[in-house]
Amino acid sequence: MAQVAISFTLIMRVEMPNETGAFGVLANAIGDAGGVIAAVDMRSVNRSRVIRDVTVNVSSEQIGNDVRRCVEAIEDARIISISDSTFLAHIGGKIRVEPKIPVKTRQDLSTVYTPGVARVSMAIAADPSKAFALTIKRNSVAVVSDGTAVLGLGDIGPLGALPVMEGKAMLFKQFADIDAFPICLDTKDVDEIVETVVRIAPVFGGINLEDISAPRCFEVEQKLIERLDIPVMHDDQHGTAVVILAALMNAAKVVGKEFSSLQVVVSGSGAAGTATIKMLLGAGVRDVIPVDRVGALNRSDRYDNPHWRWLAENTNRENRRGTLAEVLKGADVFIGVSAPGVLQPEDIATMGRDPIVFAMANPTPEIMPDAAAPVATVIATGRSDFPNQVNNLLAFPGIFRGALDVRASRITESMKLAAARAIAEMVSDEERNAEYVIPSVFDQRVVGAVAKAVGEAAIEEGVARRALVMNEEESAQTLV
């Protein structure tokens, strides 16, 4: 698998001879290795030696290693220390807890703690629903992972997963003003995960499951939905599915095809693939063909995997069999949530008029956009370095914001469908084109639109415990 390039900055403290031309040797070595000097700061100097902090931009970890080796190879030069901007950003973690009210006097202390807090505790004990109004439960989400399916890294354990979950908590706060906290569990047992989350659930208004491998993620999510009265969502499944659906709604309009008439081939029947297929069916797509390592799932074959059995019984209307390349012939849409390199340009060429290709595998997609461009009309990936980035950051902040705002007891299919439609509608008829079928993750309108749509859907479906009363900014709520 090719390694995705991730730009970052090195800060190198280098000691060298204090002589003419020495810095030029250093600069040439850094440039030859692929680094770009961004700044040079003098730290100390004497008659014979000089110490500088050299800031170097590099395009990948490999280039960073090359720069370091080239500098180390310079005669009479010594690297005293080297810092990586990515690691520096993680020192001490990326999130923290801060009080909302300063405690400066005895009166402040008695208000937020003893004895004043006792009145609030007794009020909640008498009416537990008041916890939503009087504690952090009102606006908090637990980001729960067992570290078994982290990014493209796989099973790296709870500690390895922690920086990712911290990052997810940051996104919740930055984009939806939700206080989220990372919970990384040192167990892979489904029942232990479920019991742990149930025990800590009183603190939280919602549970975001993250990076739990399939098929256990299905069971964990379902059991928690059944046992808890707060929203539970496995974002790798449903957040991804919501954004794929939103992008496909607009892509169908770009190519002038009825959404319901699309024939969609989905490569990958894991967590994201299964959720995507179910959302497509729920949104009205009549023909979806799931493909996995055994080929197209169909009603003629038998599968031990219960999720595959469900897919085989509820999809693939014509009961087509064969490889991915075989079932793609004549199809309108390819959605890949599988592995890099499984799709070739010649496969796309056999698809129907104006093929739509969503190659979502990360970090390397099923086909690179530049390879697909000559034969595909609309191309989307999960990457930020190409147009049409399908990123679940467009979905989960607004979904949980909307669910918390109405104190929903769960996240339903209609709420997710409402989120997808809200995201799709952020791209106007005038703006929509082959390279713009999904809004930017930094479009500040998205979270509010998604939250409103989700909240309204929850109220309509009867899972809300609070009504929305919209003011001029369409964001205020009131208790009922």
# chains A, B, ... in the order shown; residues from 1 in each chain; ligands from 1
>>> select_by_dssp(residues="segment 253-355 of chain A", states="helix (DSSP H, G or I)", output="PyMOL selection string")
chain A and resi 253-255+259-261+271-282+306-314+324-327+345-349
>>> select_by_dssp(residues="segment 48-223 of chain A", states="strand (DSSP E)", output="PDB file with N, CA and C atoms, in the first residue's frame")
ATOM      1  N   ARG A  49      32.148  27.816  16.950  1.00  0.00           N
ATOM      2  CA  ARG A  49      30.935  27.032  16.688  1.00  0.00           C
ATOM      3  C   ARG A  49      29.701  27.934  16.693  1.00  0.00           C
ATOM      4  N   VAL A  50      28.657  27.479  15.971  1.00  0.00           N
ATOM      5  CA  VAL A  50      27.403  28.192  15.923  1.00  0.00           C
ATOM      6  C   VAL A  50      26.261  27.175  16.050  1.00  0.00           C
ATOM      7  N   ILE A  51      25.233  27.562  16.786  1.00  0.00           N
ATOM      8  CA  ILE A  51      24.059  26.689  16.948  1.00  0.00           C
ATOM      9  C   ILE A  51      22.839  27.433  16.406  1.00  0.00           C
ATOM     10  N   ARG A  52      22.139  26.806  15.471  1.00  0.00           N
ATOM     11  CA  ARG A  52      20.957  27.406  14.859  1.00  0.00           C
ATOM     12  C   ARG A  52      19.758  26.463  15.000  1.00  0.00           C
ATOM     13  N   ASP A  53      18.566  27.065  15.123  1.00  0.00           N
ATOM     14  CA  ASP A  53      17.315  26.317  14.972  1.00  0.00           C
ATOM     15  C   ASP A  53      16.850  26.503  13.538  1.00  0.00           C
ATOM     16  N   VAL A  54      16.771  25.411  12.809  1.00  0.00           N
ATOM     17  CA  VAL A  54      16.386  25.464  11.398  1.00  0.00           C
ATOM     18  C   VAL A  54      15.009  24.815  11.252  1.00  0.00           C
ATOM     19  N   THR A  55      14.034  25.595  10.794  1.00  0.00           N
ATOM     20  CA  THR A  55      12.683  25.084  10.579  1.00  0.00           C
ATOM     21  C   THR A  55      12.557  24.623   9.136  1.00  0.00           C
ATOM     22  N   VAL A  56      12.167  23.361   8.967  1.00  0.00           N
ATOM     23  CA  VAL A  56      12.148  22.749   7.633  1.00  0.00           C
ATOM     24  C   VAL A  56      10.771  22.147   7.369  1.00  0.00           C
ATOM     25  N   ASN A  57      10.147  22.529   6.267  1.00  0.00           N
ATOM     26  CA  ASN A  57       8.890  21.910   5.848  1.00  0.00           C
ATOM     27  C   ASN A  57       9.180  20.676   4.993  1.00  0.00           C
ATOM     28  N   VAL A  58       8.521  19.588   5.314  1.00  0.00           N
ATOM     29  CA  VAL A  58       8.691  18.343   4.552  1.00  0.00           C
ATOM     30  C   VAL A  58       7.313  17.814   4.164  1.00  0.00           C
ATOM     31  N   ARG A  78      26.431  18.583  13.910  1.00  0.00           N
ATOM     32  CA  ARG A  78      25.796  17.736  14.926  1.00  0.00           C
ATOM     33  C   ARG A  78      24.373  18.215  15.171  1.00  0.00           C
ATOM     34  N   ILE A  79      23.411  17.265  15.080  1.00  0.00           N
ATOM     35  CA  ILE A  79      22.026  17.593  15.428  1.00  0.00           C
ATOM     36  C   ILE A  79      21.877  17.449  16.936  1.00  0.00           C
ATOM     37  N   ILE A  80      21.615  18.565  17.596  1.00  0.00           N
ATOM     38  CA  ILE A  80      21.451  18.548  19.049  1.00  0.00           C
ATOM     39  C   ILE A  80      20.068  18.014  19.413  1.00  0.00           C
ATOM     40  N   SER A  81      19.069  18.464  18.682  1.00  0.00           N
ATOM     41  CA  SER A  81      17.695  17.998  18.923  1.00  0.00           C
ATOM     42  C   SER A  81      16.902  18.186  17.652  1.00  0.00           C
ATOM     43  N   ILE A  82      15.830  17.450  17.552  1.00  0.00           N
ATOM     44  CA  ILE A  82      14.937  17.598  16.415  1.00  0.00           C
ATOM     45  C   ILE A  82      13.505  17.420  16.896  1.00  0.00           C
ATOM     46  N   SER A  83      12.642  18.354  16.523  1.00  0.00           N
ATOM     47  CA  SER A  83      11.240  18.316  16.931  1.00  0.00           C
ATOM     48  C   SER A  83      10.363  18.214  15.695  1.00  0.00           C
ATOM     49  N   ASP A  84       9.230  17.565  15.853  1.00  0.00           N
ATOM     50  CA  ASP A  84       8.262  17.358  14.773  1.00  0.00           C
ATOM     51  C   ASP A  84       6.998  18.112  15.167  1.00  0.00           C
ATOM     52  N   SER A 140     -22.766  16.657  26.318  1.00  0.00           N
ATOM     53  CA  SER A 140     -21.547  15.847  26.320  1.00  0.00           C
ATOM     54  C   SER A 140     -21.731  14.554  25.542  1.00  0.00           C
ATOM     55  N   VAL A 141     -20.646  14.131  24.908  1.00  0.00           N
ATOM     56  CA  VAL A 141     -20.630  12.892  24.134  1.00  0.00           C
ATOM     57  C   VAL A 141     -19.370  12.118  24.496  1.00  0.00           C
ATOM     58  N   ALA A 142     -19.516  10.809  24.713  1.00  0.00           N
ATOM     59  CA  ALA A 142     -18.357   9.938  24.914  1.00  0.00           C
ATOM     60  C   ALA A 142     -17.914   9.394  23.571  1.00  0.00           C
ATOM     61  N   VAL A 143     -16.633   9.541  23.276  1.00  0.00           N
ATOM     62  CA  VAL A 143     -16.057   8.974  22.051  1.00  0.00           C
ATOM     63  C   VAL A 143     -15.382   7.665  22.455  1.00  0.00           C
ATOM     64  N   VAL A 144     -16.017   6.552  22.135  1.00  0.00           N
ATOM     65  CA  VAL A 144     -15.630   5.245  22.677  1.00  0.00           C
ATOM     66  C   VAL A 144     -14.992   4.382  21.599  1.00  0.00           C
ATOM     67  N   SER A 145     -13.824   3.816  21.916  1.00  0.00           N
ATOM     68  CA  SER A 145     -13.126   2.930  20.978  1.00  0.00           C
ATOM     69  C   SER A 145     -12.412   1.828  21.741  1.00  0.00           C
ATOM     70  N   ASP A 179     -19.107  19.096  24.124  1.00  0.00           N
ATOM     71  CA  ASP A 179     -18.009  18.652  24.978  1.00  0.00           C
ATOM     72  C   ASP A 179     -17.899  17.133  24.891  1.00  0.00           C
ATOM     73  N   ALA A 180     -16.866  16.673  24.222  1.00  0.00           N
ATOM     74  CA  ALA A 180     -16.669  15.232  24.027  1.00  0.00           C
ATOM     75  C   ALA A 180     -15.425  14.779  24.766  1.00  0.00           C
ATOM     76  N   PHE A 181     -15.433  13.522  25.188  1.00  0.00           N
ATOM     77  CA  PHE A 181     -14.294  12.996  25.935  1.00  0.00           C
ATOM     78  C   PHE A 181     -13.921  11.620  25.401  1.00  0.00           C
ATOM     79  N   PRO A 182     -12.604  11.370  25.197  1.00  0.00           N
ATOM     80  CA  PRO A 182     -12.172  10.074  24.659  1.00  0.00           C
ATOM     81  C   PRO A 182     -12.212   8.974  25.717  1.00  0.00           C
ATOM     82  N   ILE A 183     -12.832   7.860  25.378  1.00  0.00           N
ATOM     83  CA  ILE A 183     -12.881   6.687  26.244  1.00  0.00           C
ATOM     84  C   ILE A 183     -12.317   5.507  25.454  1.00  0.00           C
ATOM     85  N   CYS A 184     -11.095   5.121  25.746  1.00  0.00           N
ATOM     86  CA  CYS A 184     -10.450   4.010  25.045  1.00  0.00           C
ATOM     87  C   CYS A 184     -10.390   2.801  25.975  1.00  0.00           C
ATOM     88  N   GLY A 206     -24.751  11.466  24.814  1.00  0.00           N
ATOM     89  CA  GLY A 206     -24.677  10.658  23.609  1.00  0.00           C
ATOM     90  C   GLY A 206     -23.412   9.828  23.603  1.00  0.00           C
ATOM     91  N   ILE A 207     -23.415   8.759  22.810  1.00  0.00           N
ATOM     92  CA  ILE A 207     -22.267   7.859  22.689  1.00  0.00           C
ATOM     93  C   ILE A 207     -21.870   7.764  21.222  1.00  0.00           C
ATOM     94  N   ASN A 208     -20.644   8.177  20.914  1.00  0.00           N
ATOM     95  CA  ASN A 208     -20.087   8.046  19.565  1.00  0.00           C
ATOM     96  C   ASN A 208     -19.098   6.890  19.569  1.00  0.00           C
ATOM     97  N   LEU A 209     -19.466   5.786  18.931  1.00  0.00           N
ATOM     98  CA  LEU A 209     -18.557   4.644  18.811  1.00  0.00           C
ATOM     99  C   LEU A 209     -17.603   4.889  17.648  1.00  0.00           C
TER     100      LEU A 209
END
>>> closest_residue(among="A:Asn392, A:Ala89, A:Pro115, A:Asn139", to="Glu210 of chain A", atoms="only C-alpha atoms")
A:Asn392
>>> closest_residue(among="A:Gly282, A:Gly330, A:Gly31, A:Gly157", to="Ala418 of chain A", atoms="only C-alpha atoms")
A:Gly282
>>> closest_residue(among="A:Ser269, A:Ser428, A:Thr105, A:Thr412", to="Ile399 of chain A", atoms="only C-alpha atoms")
A:Thr412
